[in-house]
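J.: To start, I am sharing the structure in question, which I have written as structure tokens.
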Amino acid sequence: MDRFNSKDDLLNSRLNHTFYQRDALTIAPEILGKTLVRAWPDGTRICLPISEVEVYLGTHDRACNASKGKTERNQIMFANGGVIYMYLVYGMHWMFNIVTGTVDQPEALLIRGIGNIYGPGRVTRHLQLDKHFYGEDLATSEMIWLEEAPPVKRYSTGPRVGINYAGEPWVSMPWRYKI
DNA sequence: TTGAAGATGATT
DNA sequence: ATCATCTTCAAG
């Protein structure tokens, strides 16, 4: 029973650290279709499949927020996988990222779509996610986690959105995964 | 202390 | 094509 993290997981199959602490490019196609669960204290829940993600891969990836080294804002990306990295863009949109890999391997998956809600800013607004979720652990949290689901058979890949400033080859890497 | 840029979304 | 809106970080 040591693969379970809490009593929640006796009924459901919450993904644990072993899922997250791998290479982001390996996880990306696997995480599509997995059930994202957002729970509130009053019992309200939103359960939707992850439908679109983007990979941000380490300090050499010029589009990655960790490309210029560790800062106060991005430091959680350098932690072990399974925690949440939240940050604000354009002064108004919160981005929901899942940190992957192991310590000092700053990778993350940007959640761009859940169900038929597409757009990273729309996702966080719908799920009511903001800076308070910075560092939240998906393996143990009572507010948000992922559950196992059948693998997605068909998905498409393409270049990431909004990173033209990163230049080649990063603008062209097909690191956007969509059902 | 300041300012420029930004993993966006809604509207024109 | 433009604007709304503000944090972060590096430069001065």
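Following the order of the structure tokens, chains are lettered A, B, ..., residues in each are numbered from 1, and ligands are numbered from 1.
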For chain C, list the residues within 7 Å of chain A, counting only C-alpha atoms (C1' of nucleotides), and write the list as a list in words.
T.: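 Putting it all together, I get DT5, DC6 and DT7 of chain C.
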J.: Keeping only C-alpha atoms (C1' of nucleotides), write the selected residues as a PDB file, in the first residue's frame.
T.:
```
ATOM      1  C1'  DT C   5      -2.672  45.411 -16.786  1.00  0.00           C
ATOM      2  C1'  DC C   6       1.501  44.443 -13.398  1.00  0.00           C
ATOM      3  C1'  DT C   7       5.282  41.438 -11.858  1.00  0.00           C
TER       4       DT C   7
END
```
J.: Listing only residues of chain A within 10 Å of chain B, what is the closest atom pair and its distance in Å (to one decimal) for each, using only C-alpha atoms (C1' of nucleotides), sorted by chain and residue number ascending, as a Markdown table?
T.:
```
| residue | atom | partner | partner_atom | distance |
| --- | --- | --- | --- | --- |
| A:Glu54 | CA | B:DA7 | C1' | 8.5 |
| A:Val55 | CA | B:DA7 | C1' | 9.8 |
| A:Tyr56 | CA | B:DA7 | C1' | 8.7 |
| A:Ala63 | CA | B:DA7 | C1' | 7.5 |
| A:Cys64 | CA | B:DA7 | C1' | 7.9 |
| A:Asn65 | CA | B:DA7 | C1' | 8.3 |
| A:Tyr87 | CA | B:DA7 | C1' | 10.0 |
| A:Leu88 | CA | B:DG6 | C1' | 9.4 |
| A:Val89 | CA | B:DG6 | C1' | 6.1 |
| A:Tyr90 | CA | B:DG6 | C1' | 5.7 |
| A:Gly91 | CA | B:DG6 | C1' | 8.7 |
| A:Met92 | CA | B:DT8 | C1' | 8.3 |
| A:His93 | CA | B:DT8 | C1' | 6.5 |
| A:Trp94 | CA | B:DT8 | C1' | 9.3 |
| A:Met95 | CA | B:DA7 | C1' | 7.9 |
| A:Asn97 | CA | B:DA7 | C1' | 9.9 |
| A:Leu110 | CA | B:DA7 | C1' | 7.5 |
| A:Arg112 | CA | B:DA7 | C1' | 9.5 |
| A:Gly119 | CA | B:DT8 | C1' | 8.0 |
| A:Pro120 | CA | B:DT8 | C1' | 7.8 |
| A:Gly121 | CA | B:DT8 | C1' | 6.5 |
| A:Arg122 | CA | B:DG9 | C1' | 8.2 |
| A:Arg160 | CA | B:DA7 | C1' | 8.0 |
| A:Val161 | CA | B:DA7 | C1' | 6.8 |
| A:Gly162 | CA | B:DA7 | C1' | 6.2 |
| A:Ile163 | CA | B:DA7 | C1' | 6.6 |
| A:Tyr165 | CA | B:DG6 | C1' | 9.7 |
```
J.: Could you please take those selected residues and save C-alpha atoms as a PDB file, in the first residue's frame?
T.:
```
ATOM      1  CA  GLU A  54       3.706  22.538 -23.455  1.00  0.00           C
ATOM      2  CA  VAL A  55       7.161  21.381 -22.365  1.00  0.00           C
ATOM      3  CA  TYR A  56       9.729  23.824 -20.981  1.00  0.00           C
ATOM      4  CA  ALA A  63      11.974  29.801 -23.849  1.00  0.00           C
ATOM      5  CA  CYS A  64      12.050  28.261 -20.377  1.00  0.00           C
ATOM      6  CA  ASN A  65      11.659  30.573 -17.400  1.00  0.00           C
ATOM      7  CA  TYR A  87       3.527  32.772 -12.274  1.00  0.00           C
ATOM      8  CA  LEU A  88       1.828  35.812 -13.737  1.00  0.00           C
ATOM      9  CA  VAL A  89       2.208  36.918 -17.352  1.00  0.00           C
ATOM     10  CA  TYR A  90       1.180  40.186 -18.947  1.00  0.00           C
ATOM     11  CA  GLY A  91       0.212  41.461 -15.543  1.00  0.00           C
ATOM     12  CA  MET A  92      -3.035  39.512 -15.448  1.00  0.00           C
ATOM     13  CA  HIS A  93      -2.887  35.850 -16.388  1.00  0.00           C
ATOM     14  CA  TRP A  94      -1.733  33.119 -14.004  1.00  0.00           C
ATOM     15  CA  MET A  95       0.122  30.218 -15.609  1.00  0.00           C
ATOM     16  CA  ASN A  97       2.845  24.588 -14.541  1.00  0.00           C
ATOM     17  CA  LEU A 110       2.534  24.331 -18.871  1.00  0.00           C
ATOM     18  CA  ARG A 112      -2.729  24.958 -21.677  1.00  0.00           C
ATOM     19  CA  GLY A 119      -5.766  28.739 -23.129  1.00  0.00           C
ATOM     20  CA  PRO A 120      -3.501  28.712 -20.052  1.00  0.00           C
ATOM     21  CA  GLY A 121      -5.096  31.868 -18.640  1.00  0.00           C
ATOM     22  CA  ARG A 122      -8.568  30.417 -19.065  1.00  0.00           C
ATOM     23  CA  ARG A 160       5.089  26.325 -28.603  1.00  0.00           C
ATOM     24  CA  VAL A 161       3.035  29.504 -28.472  1.00  0.00           C
ATOM     25  CA  GLY A 162       4.259  33.011 -27.736  1.00  0.00           C
ATOM     26  CA  ILE A 163       7.989  32.366 -27.500  1.00  0.00           C
ATOM     27  CA  TYR A 165      11.836  35.885 -28.578  1.00  0.00           C
TER      28      TYR A 165
END
```
J.: So which bits of region 13-171 of chain A end up helix (DSSP H, G or I) when you DSSP the backbone, as a PyMOL selection string?
T.: chain A and resi 17-20+24-31+75-78+120-127+131-133+164-166+170-171
J.: Name the residues of chain A that fall into strand (DSSP E or B) according to DSSP on the backbone, using the chain letters and numbers of this document, as a ChimeraX atom specification.
T.: /A:14,35-39,45-57,83-89,93-100,107-114,117-118,137,144-147,156-158,176-178
J.: Please, what distance in Å, to one decimal, runs between CA of Asp104 (chain A) and CA of Phe78 (chain A)?
T.: 4.5 Å
